[in-house]
Protein chains: 4
Amino acid sequence: MKKVVTTDFEVRWGECDPAGIVYHPVYIDWFSVARMHFLKENGISYMESFHDNGIVLVVLGVQSRYFKTLRAEDQVKVEARMEKLTRTRIEMAYRVVNAAGELCTEGKTEHAYVDERNRAVNVAKKLPEVWNLMQSRLQD
Amino acid sequence: MKKVVTTDFEVRWGECDPAGIVYHPVYIDWFSVARMHFLKENGISYMESFHDNGIVLVVLGVQSRYFKTLRAEDQVKVEARMEKLTRTRIEMAYRVVNAAGELCTEGKTEHAYVDERNRAVNVAKKLPEVWNLMQSRLQD
Amino acid sequence: MKKVVTTDFEVRWGECDPAGIVYHPVYIDWFSVARMHFLKENGISYMESFHDNGIVLVVLGVQSRYFKTLRAEDQVKVEARMEKLTRTRIEMAYRVVNAAGELCTEGKTEHAYVDERNRAVNVAKKLPEVWNLMQSRLQD
Amino acid sequence: MKKVVTTDFEVRWGECDPAGIVYHPVYIDWFSVARMHFLKENGISYMESFHDNGIVLVVLGVQSRYFKTLRAEDQVKVEARMEKLTRTRIEMAYRVVNAAGELCTEGKTEHAYVDERNRAVNVAKKLPEVWNLMQSRLQD
């Protein structure tokens, strides 16, 4: 099991704003990419395991702190780790690190499993195989 | 019936790039906003008439020409008009005009109606009421 | 002076994700739009007063909580208010409300003034006229 | 010299729309990424060679045709090639190919070199070293 999964990014021109730096909501988008990559590296395709079964890992909260700016063509690593895993919730944390290894941004996201009508879902009941995989791979 | 529908925009900071101007794909996004507004002003909610009935107005082609740049906080008007309407296709044209009335960008989009499996749909058969409304409002 | 400034949005198709709801980083982008509109309604153009003078209102932190989802074509109001104003920092708070008046999202952003080399700026010294205007309009 | 440069993408959740497919303006953004990667693979950093010297490769026109849709987590290759190179203009072409090797989208972009006041620039005069490199690497 991989407790921390790192995703590589090269900053895109269109991700930067007129100040010449990465526009701050873009980091929240990177967290999504890093989160899906985290799941995939632990054996779970978000699209196949959740989306195609009508389950949404809806976002309850986001927070991020910004320390150093980045610009287009910069090489970046986003580290994602699971902070909490229950039958109804997930919490994840992220660190964005530049090519020099400096911390640029860190953040957290909280999620609940819901169905397509936005009703809370117990993932252990609804998707027992996925739950077992998540538990065995992510929680020890 | 409204042959040309105009949508007002104020350029967002996040729509601009490190050159300080609107990032060129953003105009294509504005065309979508203007297209849905065009339909709505002609009595058709895209979400209720198409999306909720499982029909996608999928994009077959896009083209745009750029004449003058825009920056954040600029006031913009996007004019949308229907160029072609058949049972299986739509073509639309757009003009982006700045506060001084100058043409900044113009473009076209072509669309086909498809269902959720991406199969071509005859909108006159699948959604006769919407088709009648479109024809009466849009085509004379 | 306007303590709370409200900005109207219609949710764009391209702001929504495959779950059919507004993608969560988009709310952070709306906060930016609402913040610039808040300043403008209080007599300050961000582009002319800050950007054109080489000052960036850089983001130090963002947080948001999500309560209700929104989908394309939904009408939304984003209320922005100043929570803190000093010579070196700004804190703002936001509420996103749907057409039924229900709270969908709330959030906060913290900012510092920096110059183009990312060095902290005392806005009262660097831009005294803007500072006086901000103080008189925003802080009483 | 590399006549065709291929860039790998994994489709991001936030790049898809409520129809569950990549939102069509996103392909135009991918063209930008592929274009900068094309230059870099041929020895030119867009940020260092153009942006830091006050030159913008502004977009004059975009066109794209869409053949097959893509969804989140799909693996994609975008091939970029130079179609025309003069002292004042560039034209590039792109092909987006899915994991099965099928053509999903193809497009073109046209660009002119301008300075920060949006005036046309002769790149051979303004940036002779970059021009020589481009010519030797790209044009034979």
# chains A, B, ... in the order shown; residues from 1 in each chain; ligands from 1
call {"tool": "residues_around", "arguments": {"residues": "Met36 (chain B)", "least_positions_apart": "6", "cutoff": "9 Å", "atoms": "only C-alpha atoms", "output": "CSV table (one decimal) with C-alpha atoms, in the first residue's frame"}}
result
chain,number,residue,atom,x,y,z
B,44,ILE,CA,-35.6,26.7,-24.7
B,45,SER,CA,-33.7,25.8,-21.6
B,46,TYR,CA,-30.7,23.7,-22.6
B,47,MET,CA,-30.7,21.9,-19.3
C,12,ARG,CA,-22.0,28.0,-16.9
C,13,TRP,CA,-22.0,24.5,-18.5
C,73,GLU,CA,-28.2,27.6,-15.7
call {"tool": "closest_atom_pairs", "arguments": {"of": "chain A", "to": "chain C", "cutoff": "9 Å", "atoms": "only C-alpha atoms", "output": "tab-separated table"}}
result
residue	atom	partner	partner_atom	distance
A:Pro18	CA	C:His51	CA	8.6
A:Ala19	CA	C:Val56	CA	6.9
A:Tyr23	CA	C:Asp29	CA	9.0
A:His24	CA	C:Val59	CA	7.1
A:Pro25	CA	C:Pro25	CA	5.5
A:Val26	CA	C:Pro25	CA	7.3
A:Tyr27	CA	C:Pro25	CA	8.5
A:Ile28	CA	C:Pro25	CA	5.7
A:Asp29	CA	C:Pro25	CA	6.2
A:His51	CA	C:Ala19	CA	8.0
A:Gly54	CA	C:Ala19	CA	8.9
A:Val56	CA	C:Ala19	CA	6.9
A:Val58	CA	C:Ala19	CA	8.9
A:Val59	CA	C:Tyr66	CA	6.8
A:Leu60	CA	C:Tyr66	CA	4.9
A:Gly61	CA	C:Arg65	CA	4.4
A:Val62	CA	C:Ser64	CA	5.4
A:Gln63	CA	C:Gln63	CA	4.1
A:Ser64	CA	C:Val62	CA	5.4
A:Arg65	CA	C:Gly61	CA	4.3
A:Tyr66	CA	C:Leu60	CA	4.9
A:Phe67	CA	C:Leu60	CA	7.0
A:Thr69	CA	C:Asn118	CA	8.6
A:Glu116	CA	C:Ala19	CA	7.7
A:Asn118	CA	C:Thr69	CA	8.5
call {"tool": "atom_distance", "arguments": {"atom1": "CA of Glu79 (chain C)", "atom2": "CA of Ser49 (chain C)"}}
result
22.2 Å
call {"tool": "residues_around", "arguments": {"residues": "region 4-6 of chain C", "least_positions_apart": "3", "cutoff": "9 Å", "atoms": "only C-alpha atoms", "output": "PDB file with N, CA and C atoms, in the first residue's frame"}}
result
ATOM      1  N   ALA C  34     -16.161  38.034  -7.203  1.00  0.00           N
ATOM      2  CA  ALA C  34     -16.933  38.774  -6.195  1.00  0.00           C
ATOM      3  C   ALA C  34     -16.050  39.776  -5.461  1.00  0.00           C
ATOM      4  N   ARG C  35     -14.776  39.423  -5.252  1.00  0.00           N
ATOM      5  CA  ARG C  35     -13.841  40.315  -4.548  1.00  0.00           C
ATOM      6  C   ARG C  35     -13.527  41.552  -5.398  1.00  0.00           C
ATOM      7  N   HIS C  37     -15.415  42.735  -7.732  1.00  0.00           N
ATOM      8  CA  HIS C  37     -16.663  43.490  -7.805  1.00  0.00           C
ATOM      9  C   HIS C  37     -16.898  44.260  -6.503  1.00  0.00           C
ATOM     10  N   PHE C  38     -16.577  43.650  -5.394  1.00  0.00           N
ATOM     11  CA  PHE C  38     -16.675  44.332  -4.086  1.00  0.00           C
ATOM     12  C   PHE C  38     -15.816  45.600  -4.092  1.00  0.00           C
ATOM     13  N   LEU C  39     -14.576  45.478  -4.543  1.00  0.00           N
ATOM     14  CA  LEU C  39     -13.698  46.649  -4.594  1.00  0.00           C
ATOM     15  C   LEU C  39     -14.273  47.708  -5.533  1.00  0.00           C
ATOM     16  N   GLU C  41     -17.350  48.281  -6.499  1.00  0.00           N
ATOM     17  CA  GLU C  41     -18.544  48.938  -5.945  1.00  0.00           C
ATOM     18  C   GLU C  41     -18.169  49.915  -4.830  1.00  0.00           C
ATOM     19  N   ASN C  42     -16.964  49.735  -4.283  1.00  0.00           N
ATOM     20  CA  ASN C  42     -16.470  50.673  -3.280  1.00  0.00           C
ATOM     21  C   ASN C  42     -15.465  51.663  -3.882  1.00  0.00           C
ATOM     22  N   LYS C  77     -26.221  33.991  -6.311  1.00  0.00           N
ATOM     23  CA  LYS C  77     -25.690  35.254  -5.804  1.00  0.00           C
ATOM     24  C   LYS C  77     -24.482  34.957  -4.923  1.00  0.00           C
ATOM     25  N   VAL C  78     -23.417  35.707  -5.106  1.00  0.00           N
ATOM     26  CA  VAL C  78     -22.257  35.582  -4.225  1.00  0.00           C
ATOM     27  C   VAL C  78     -22.094  36.899  -3.471  1.00  0.00           C
ATOM     28  N   GLU C  79     -22.231  36.805  -2.158  1.00  0.00           N
ATOM     29  CA  GLU C  79     -22.063  37.976  -1.293  1.00  0.00           C
ATOM     30  C   GLU C  79     -20.624  38.019  -0.797  1.00  0.00           C
ATOM     31  N   ALA C  80     -19.990  39.187  -0.936  1.00  0.00           N
ATOM     32  CA  ALA C  80     -18.613  39.352  -0.460  1.00  0.00           C
ATOM     33  C   ALA C  80     -18.583  40.453   0.579  1.00  0.00           C
ATOM     34  N   ARG C  81     -17.820  40.222   1.634  1.00  0.00           N
ATOM     35  CA  ARG C  81     -17.626  41.294   2.622  1.00  0.00           C
ATOM     36  C   ARG C  81     -16.187  41.283   3.114  1.00  0.00           C
ATOM     37  N   MET C  82     -15.714  42.470   3.489  1.00  0.00           N
ATOM     38  CA  MET C  82     -14.370  42.635   4.039  1.00  0.00           C
ATOM     39  C   MET C  82     -14.421  42.245   5.509  1.00  0.00           C
TER      40      MET C  82
END
call {"tool": "atom_distance", "arguments": {"atom1": "CA of Leu133 (chain A)", "atom2": "CA of Val76 (chain D)"}}
result
27.6 Å
call {"tool": "select_by_dssp", "arguments": {"residues": "chain C", "states": "helix (DSSP H, G or I)", "output": "PyMOL selection string"}}
result
chain C and resi 13-15+24-41+46-53+123-126+128-138
call {"tool": "closest_residue", "arguments": {"among": "B:Lys40, B:Lys125, B:Arg71, B:Lys3", "to": "Asp17 (chain B)", "atoms": "only C-alpha atoms"}}
result
B:Arg71
call {"tool": "select_by_dssp", "arguments": {"residues": "region 6-43 of chain B", "states": "strand (DSSP E)", "output": "count of residues only"}}
result
5
